[in-house]
Amino acid sequence: MAAALAACASTTSPGAVDVDRRQLLIVPAEQVEQMARVSFNEQNDKARAAGKLVTQGPEYERVRNIAARLQQQAPVFRPDAAQWKWELALIDSPELNASCAPGGKITVYTGIMRTLHLTDDELAMVIGHEVAHALREHGRERVSQAMAQNLLGSVVFGALQTSEAQAKMAGQVADVLLTLPNSRKNETEADKIGLELAARAGFNPAAAVSVWQKMAAASTGARPPEFLSTHPAHDSRIAELTAMQAAVVPLYEAAR
Ligand SMILES: [Zn+2]
């Protein structure tokens, strides 16, 4: 209990959007990042083998430039992000999805860009939101909660000597990271921090509203966005994003 309490802290500075909440973080960050790295590499190996990993061309350059501009702003919220080994995977697949695994491993699917016809500003909002989850260590928080509730069984972190045990653990952690939905609280934090990152990087904050309008419209179609299964939309989100504009418009104006 004492260890758990000692591990309660806020992972980021509040920023202009004022995000501040103590978090349950009983699993070491390095462990979660290691597992996320294994699962990110597996995903990319699989995509590469299928000829779906995009590593050049205009779409790749576009995503790379947007991600780089957002990454540059990440130290505003936590200085150590400047030392993260950021990586980007663009996967040619119709999924309406994007993610940023712990430690800065960004995945974007061409499906979300093409189907929603995302502008650069809107794509920056999606990636910024994902990066914000990573900066806030929401994945580590969810893994910690799963550990606390014993959802991860008896596996002990830090004692993963064999590659077999590591792969097994990576699979379990990946399940938690990829399939358990974020809480509404985490979603609001990611919206706020993502919006500020994007505004500071010179992307129009109004796009945070339009991208969720597009997401909402797509959710009633034949192929609802996979994004929504781990990033639940809530009715008041667009109103909240609209209310957040005032805090970040000056940052956007200053960055332009
Ligand atoms: Zn989210």
# chains A, B, ... in the order shown; residues from 1 in each chain; ligands from 1

$ residues_near_ligand --ligand "ligand 1" --cutoff "9 Å" --atoms "only C-alpha atoms and all ligand atoms" --output "JSON, numbers by chain"
{"A": [99, 126, 129, 130, 132, 133, 181, 182, 183, 184, 186, 187, 188, 189, 190, 191, 227, 228, 230, 231, 232, 233]}

$ write_last_selection --atoms "C-alpha atoms" --output "mmCIF file, in the first residue's frame"
data_model
loop_
_atom_site.group_PDB
_atom_site.id
_atom_site.type_symbol
_atom_site.label_atom_id
_atom_site.label_comp_id
_atom_site.auth_asym_id
_atom_site.auth_seq_id
_atom_site.Cartn_x
_atom_site.Cartn_y
_atom_site.Cartn_z
ATOM 1 C CA SER A 99 -2.304 4.995 -31.498
ATOM 2 C CA VAL A 126 -5.639 12.720 -33.828
ATOM 3 C CA HIS A 129 -4.453 13.098 -28.749
ATOM 4 C CA GLU A 130 -2.575 9.787 -29.027
ATOM 5 C CA ALA A 132 -1.029 12.875 -25.021
ATOM 6 C CA HIS A 133 -2.123 9.412 -23.839
ATOM 7 C CA PRO A 181 -11.070 1.356 -23.444
ATOM 8 C CA ASN A 182 -9.693 4.536 -21.927
ATOM 9 C CA SER A 183 -11.787 6.079 -19.193
ATOM 10 C CA ARG A 184 -13.678 9.242 -19.916
ATOM 11 C CA ASN A 186 -8.314 9.882 -19.591
ATOM 12 C CA GLU A 187 -10.029 10.843 -22.824
ATOM 13 C CA THR A 188 -10.624 14.385 -21.604
ATOM 14 C CA GLU A 189 -6.991 14.678 -20.477
ATOM 15 C CA ALA A 190 -5.782 13.445 -23.873
ATOM 16 C CA ASP A 191 -8.125 15.876 -25.636
ATOM 17 C CA PHE A 227 -10.516 4.230 -32.851
ATOM 18 C CA LEU A 228 -13.790 4.532 -30.937
ATOM 19 C CA THR A 230 -10.467 2.219 -27.264
ATOM 20 C CA HIS A 231 -11.319 5.947 -27.322
ATOM 21 C CA PRO A 232 -14.978 6.099 -26.327
ATOM 22 C CA ALA A 233 -16.762 9.165 -27.631
#

$ residues_around --residues "Gly51 of chain A" --least-positions-apart "5" --cutoff "12 Å" --atoms "only C-alpha atoms" --output "MDAnalysis selection string"
chainID A and resid 44:46 90:93

$ closest_atom_pairs --of "segment 24-142 of chain A" --to "segment 248-255 of chain A" --cutoff "12 Å" --atoms "only C-alpha atoms" --output "JSON lines"
{"residue": "A:Arg69", "atom": "CA", "partner": "A:Ala255", "partner_atom": "CA", "distance": 11.3}
{"residue": "A:Gln73", "atom": "CA", "partner": "A:Ala255", "partner_atom": "CA", "distance": 11.1}
{"residue": "A:Asp121", "atom": "CA", "partner": "A:Tyr252", "partner_atom": "CA", "distance": 11.5}

$ residues_around --residues "Ala74 of chain A" --least-positions-apart "2" --cutoff "10 Å" --atoms "only C-alpha atoms" --output "PyMOL selection string"
chain A and resi 12+69-72+76-82+128+131-132+135+193-194+196-198+200-201

$ closest_residue --among "A:Ala199, A:Val143, A:Glu164, A:Pro224" --to "Pro28 of chain A" --atoms "only C-alpha atoms"
A:Val143

$ select_by_dssp --residues "segment 41-89 of chain A" --states "alpha helix (DSSP H)" --output "PyMOL selection string"
chain A and resi 41-49+58-73

$ write_last_selection --atoms "N, CA, C and O atoms" --output "mmCIF file, in the first residue's frame"
data_model
loop_
_atom_site.group_PDB
_atom_site.id
_atom_site.type_symbol
_atom_site.label_atom_id
_atom_site.label_comp_id
_atom_site.auth_asym_id
_atom_site.auth_seq_id
_atom_site.Cartn_x
_atom_site.Cartn_y
_atom_site.Cartn_z
ATOM 1 N N ASN A 41 7.093 -3.660 -32.429
ATOM 2 C CA ASN A 41 7.972 -4.297 -33.420
ATOM 3 C C ASN A 41 7.280 -5.471 -34.104
ATOM 4 O O ASN A 41 7.429 -5.659 -35.309
ATOM 5 N N GLU A 42 6.527 -6.228 -33.310
ATOM 6 C CA GLU A 42 5.776 -7.356 -33.893
ATOM 7 C C GLU A 42 4.770 -6.855 -34.928
ATOM 8 O O GLU A 42 4.651 -7.413 -36.017
ATOM 9 N N GLN A 43 4.039 -5.809 -34.542
ATOM 10 C CA GLN A 43 3.053 -5.213 -35.449
ATOM 11 C C GLN A 43 3.733 -4.783 -36.753
ATOM 12 O O GLN A 43 3.234 -5.054 -37.847
ATOM 13 N N ASN A 44 4.896 -4.149 -36.626
ATOM 14 C CA ASN A 44 5.579 -3.640 -37.818
ATOM 15 C C ASN A 44 6.171 -4.765 -38.663
ATOM 16 O O ASN A 44 6.151 -4.690 -39.893
ATOM 17 N N ASP A 45 6.684 -5.807 -38.012
ATOM 18 C CA ASP A 45 7.209 -6.968 -38.758
ATOM 19 C C ASP A 45 6.100 -7.589 -39.596
ATOM 20 O O ASP A 45 6.287 -7.937 -40.761
ATOM 21 N N LYS A 46 4.944 -7.734 -38.955
ATOM 22 C CA LYS A 46 3.795 -8.342 -39.633
ATOM 23 C C LYS A 46 3.359 -7.470 -40.830
ATOM 24 O O LYS A 46 3.134 -7.970 -41.928
ATOM 25 N N ALA A 47 3.288 -6.163 -40.596
ATOM 26 C CA ALA A 47 2.880 -5.242 -41.667
ATOM 27 C C ALA A 47 3.911 -5.249 -42.805
ATOM 28 O O ALA A 47 3.546 -5.248 -43.983
ATOM 29 N N ARG A 48 5.201 -5.289 -42.438
ATOM 30 C CA ARG A 48 6.264 -5.295 -43.445
ATOM 31 C C ARG A 48 6.163 -6.560 -44.299
ATOM 32 O O ARG A 48 6.245 -6.504 -45.522
ATOM 33 N N ALA A 49 5.950 -7.696 -43.621
ATOM 34 C CA ALA A 49 5.862 -8.981 -44.330
ATOM 35 C C ALA A 49 4.682 -8.985 -45.296
ATOM 36 O O ALA A 49 4.737 -9.614 -46.353
ATOM 37 N N PRO A 58 4.548 10.477 -50.313
ATOM 38 C CA PRO A 58 3.914 11.700 -49.809
ATOM 39 C C PRO A 58 3.090 11.497 -48.529
ATOM 40 O O PRO A 58 3.134 12.350 -47.633
ATOM 41 N N GLU A 59 2.348 10.397 -48.433
ATOM 42 C CA GLU A 59 1.547 10.175 -47.215
ATOM 43 C C GLU A 59 2.455 9.997 -46.006
ATOM 44 O O GLU A 59 2.186 10.525 -44.920
ATOM 45 N N TYR A 60 3.524 9.242 -46.196
ATOM 46 C CA TYR A 60 4.451 9.012 -45.087
ATOM 47 C C TYR A 60 5.113 10.322 -44.654
ATOM 48 O O TYR A 60 5.190 10.622 -43.462
ATOM 49 N N GLU A 61 5.562 11.104 -45.648
ATOM 50 C CA GLU A 61 6.226 12.378 -45.329
ATOM 51 C C GLU A 61 5.269 13.308 -44.574
ATOM 52 O O GLU A 61 5.675 14.011 -43.641
ATOM 53 N N ARG A 62 4.021 13.267 -44.987
ATOM 54 C CA ARG A 62 3.012 14.111 -44.353
ATOM 55 C C ARG A 62 2.848 13.734 -42.876
ATOM 56 O O ARG A 62 2.913 14.591 -41.994
ATOM 57 N N VAL A 63 2.681 12.454 -42.599
ATOM 58 C CA VAL A 63 2.497 12.006 -41.219
ATOM 59 C C VAL A 63 3.772 12.265 -40.407
ATOM 60 O O VAL A 63 3.716 12.696 -39.257
ATOM 61 N N ARG A 64 4.918 11.995 -41.040
ATOM 62 C CA ARG A 64 6.192 12.167 -40.339
ATOM 63 C C ARG A 64 6.396 13.623 -39.903
ATOM 64 O O ARG A 64 6.818 13.899 -38.775
ATOM 65 N N ASN A 65 6.087 14.552 -40.810
ATOM 66 C CA ASN A 65 6.262 15.974 -40.493
ATOM 67 C C ASN A 65 5.324 16.417 -39.372
ATOM 68 O O ASN A 65 5.738 17.151 -38.464
ATOM 69 N N ILE A 66 4.088 15.960 -39.428
ATOM 70 C CA ILE A 66 3.120 16.338 -38.385
ATOM 71 C C ILE A 66 3.559 15.769 -37.040
ATOM 72 O O ILE A 66 3.575 16.473 -36.024
ATOM 73 N N ALA A 67 3.947 14.488 -37.051
ATOM 74 C CA ALA A 67 4.380 13.855 -35.796
ATOM 75 C C ALA A 67 5.613 14.561 -35.233
ATOM 76 O O ALA A 67 5.705 14.796 -34.022
ATOM 77 N N ALA A 68 6.536 14.948 -36.110
ATOM 78 C CA ALA A 68 7.769 15.609 -35.648
ATOM 79 C C ALA A 68 7.453 16.950 -34.987
ATOM 80 O O ALA A 68 8.040 17.302 -33.953
ATOM 81 N N ARG A 69 6.511 17.690 -35.570
ATOM 82 C CA ARG A 69 6.148 18.996 -34.991
ATOM 83 C C ARG A 69 5.502 18.817 -33.615
ATOM 84 O O ARG A 69 5.742 19.620 -32.694
ATOM 85 N N LEU A 70 4.695 17.775 -33.469
ATOM 86 C CA LEU A 70 4.051 17.515 -32.171
ATOM 87 C C LEU A 70 5.082 17.072 -31.133
ATOM 88 O O LEU A 70 5.070 17.535 -29.984
ATOM 89 N N GLN A 71 5.980 16.177 -31.544
ATOM 90 C CA GLN A 71 7.021 15.676 -30.636
ATOM 91 C C GLN A 71 7.858 16.818 -30.069
ATOM 92 O O GLN A 71 8.238 16.790 -28.907
ATOM 93 N N GLN A 72 8.144 17.805 -30.919
ATOM 94 C CA GLN A 72 8.957 18.943 -30.479
ATOM 95 C C GLN A 72 8.318 19.675 -29.300
ATOM 96 O O GLN A 72 9.013 20.305 -28.510
ATOM 97 N N GLN A 73 6.992 19.611 -29.203
ATOM 98 C CA GLN A 73 6.283 20.316 -28.134
ATOM 99 C C GLN A 73 6.110 19.460 -26.881
ATOM 100 O O GLN A 73 5.731 19.969 -25.829
#

$ decode --residues "segment 142-254 of chain A" --atoms "C-alpha atoms" --output "CSV table (one decimal), in the first residue's frame"
chain,number,residue,atom,x,y,z
A,142,ARG,CA,-4.4,0.9,-17.1
A,143,VAL,CA,-1.8,-1.9,-16.7
A,144,SER,CA,-1.4,-0.8,-13.1
A,145,GLN,CA,-5.1,-1.0,-12.6
A,146,ALA,CA,-5.2,-4.4,-14.2
A,147,MET,CA,-2.4,-5.6,-11.9
A,148,ALA,CA,-4.2,-4.2,-8.9
A,149,GLN,CA,-7.4,-6.0,-10.0
A,150,ASN,CA,-5.3,-9.2,-10.7
A,151,LEU,CA,-6.4,-9.2,-14.3
A,152,LEU,CA,-2.8,-9.9,-15.4
A,153,GLY,CA,-2.6,-13.1,-13.3
A,154,SER,CA,0.4,-14.1,-11.4
A,155,VAL,CA,3.1,-12.8,-13.8
A,156,VAL,CA,5.7,-10.8,-11.8
A,157,PHE,CA,7.2,-7.8,-13.5
A,158,GLY,CA,11.0,-7.6,-13.4
A,159,ALA,CA,11.5,-11.4,-13.5
A,160,LEU,CA,11.1,-12.0,-17.2
A,161,GLN,CA,14.3,-13.8,-17.9
A,162,THR,CA,13.4,-15.8,-21.0
A,163,SER,CA,12.3,-14.4,-24.3
A,164,GLU,CA,9.3,-16.8,-24.1
A,165,ALA,CA,8.2,-15.3,-20.9
A,166,GLN,CA,8.7,-11.8,-22.3
A,167,ALA,CA,6.6,-12.6,-25.4
A,168,LYS,CA,3.8,-14.0,-23.2
A,169,MET,CA,3.9,-11.0,-20.9
A,170,ALA,CA,4.0,-8.6,-23.9
A,171,GLY,CA,0.9,-10.3,-25.3
A,172,GLN,CA,-1.0,-9.8,-22.0
A,173,VAL,CA,0.1,-6.2,-21.6
A,174,ALA,CA,-0.7,-5.5,-25.3
A,175,ASP,CA,-4.2,-6.9,-24.6
A,176,VAL,CA,-4.7,-4.4,-21.8
A,177,LEU,CA,-3.2,-1.5,-23.9
A,178,LEU,CA,-5.0,-2.3,-27.1
A,179,THR,CA,-8.4,-3.6,-26.1
A,180,LEU,CA,-9.4,-2.0,-22.8
A,181,PRO,CA,-11.1,1.4,-23.4
A,182,ASN,CA,-9.7,4.5,-21.9
A,183,SER,CA,-11.8,6.1,-19.2
A,184,ARG,CA,-13.7,9.2,-19.9
A,185,LYS,CA,-11.3,11.1,-17.6
A,186,ASN,CA,-8.3,9.9,-19.6
A,187,GLU,CA,-10.0,10.8,-22.8
A,188,THR,CA,-10.6,14.4,-21.6
A,189,GLU,CA,-7.0,14.7,-20.5
A,190,ALA,CA,-5.8,13.4,-23.9
A,191,ASP,CA,-8.1,15.9,-25.6
A,192,LYS,CA,-6.8,18.8,-23.6
A,193,ILE,CA,-3.1,18.0,-23.9
A,194,GLY,CA,-3.3,16.9,-27.5
A,195,LEU,CA,-5.1,20.2,-28.3
A,196,GLU,CA,-2.3,22.2,-26.6
A,197,LEU,CA,0.5,20.2,-28.3
A,198,ALA,CA,-1.1,20.8,-31.7
A,199,ALA,CA,-1.8,24.5,-31.1
A,200,ARG,CA,1.8,25.1,-29.9
A,201,ALA,CA,3.0,23.3,-33.1
A,202,GLY,CA,1.0,25.7,-35.2
A,203,PHE,CA,-2.1,23.5,-36.0
A,204,ASN,CA,-5.5,25.2,-36.0
A,205,PRO,CA,-7.3,24.2,-32.7
A,206,ALA,CA,-10.7,24.4,-34.5
A,207,ALA,CA,-9.7,21.1,-36.2
A,208,ALA,CA,-10.2,19.3,-32.8
A,209,VAL,CA,-13.9,20.0,-33.2
A,210,SER,CA,-14.2,19.1,-36.9
A,211,VAL,CA,-12.3,15.8,-36.5
A,212,TRP,CA,-14.7,14.6,-33.8
A,213,GLN,CA,-17.6,15.6,-36.0
A,214,LYS,CA,-16.2,13.5,-38.7
A,215,MET,CA,-15.6,10.6,-36.3
A,216,ALA,CA,-19.2,10.9,-35.0
A,217,ALA,CA,-20.5,10.8,-38.6
A,218,ALA,CA,-18.4,7.8,-39.5
A,219,SER,CA,-19.6,5.9,-36.3
A,220,THR,CA,-23.1,5.5,-37.8
A,221,GLY,CA,-21.8,4.1,-41.1
A,222,ALA,CA,-21.1,0.5,-42.1
A,223,ARG,CA,-17.6,0.5,-40.8
A,224,PRO,CA,-17.4,2.4,-37.4
A,225,PRO,CA,-14.0,3.7,-36.5
A,226,GLU,CA,-11.8,1.1,-34.6
A,227,PHE,CA,-10.5,4.2,-32.9
A,228,LEU,CA,-13.8,4.5,-30.9
A,229,SER,CA,-13.5,1.1,-29.3
A,230,THR,CA,-10.5,2.2,-27.3
A,231,HIS,CA,-11.3,5.9,-27.3
A,232,PRO,CA,-15.0,6.1,-26.3
A,233,ALA,CA,-16.8,9.2,-27.6
A,234,HIS,CA,-19.0,11.0,-25.2
A,235,ASP,CA,-21.9,13.3,-26.0
A,236,SER,CA,-20.3,16.3,-24.4
A,237,ARG,CA,-16.9,15.9,-26.1
A,238,ILE,CA,-17.5,18.4,-28.9
A,239,ALA,CA,-18.9,21.0,-26.5
A,240,GLU,CA,-15.8,20.4,-24.2
A,241,LEU,CA,-13.4,20.8,-27.1
A,242,THR,CA,-15.1,24.0,-28.1
A,243,ALA,CA,-14.8,25.3,-24.6
A,244,MET,CA,-11.1,24.5,-24.5
A,245,GLN,CA,-10.4,26.6,-27.6
A,246,ALA,CA,-9.9,29.9,-25.6
A,247,ALA,CA,-7.0,28.5,-23.6
A,248,VAL,CA,-5.0,27.4,-26.7
A,249,VAL,CA,-5.9,29.9,-29.5
A,250,PRO,CA,-3.2,32.4,-28.2
A,251,LEU,CA,-0.6,29.6,-28.3
A,252,TYR,CA,-1.7,28.9,-31.9
A,253,GLU,CA,-1.5,32.5,-32.9
A,254,ALA,CA,1.9,32.8,-31.4
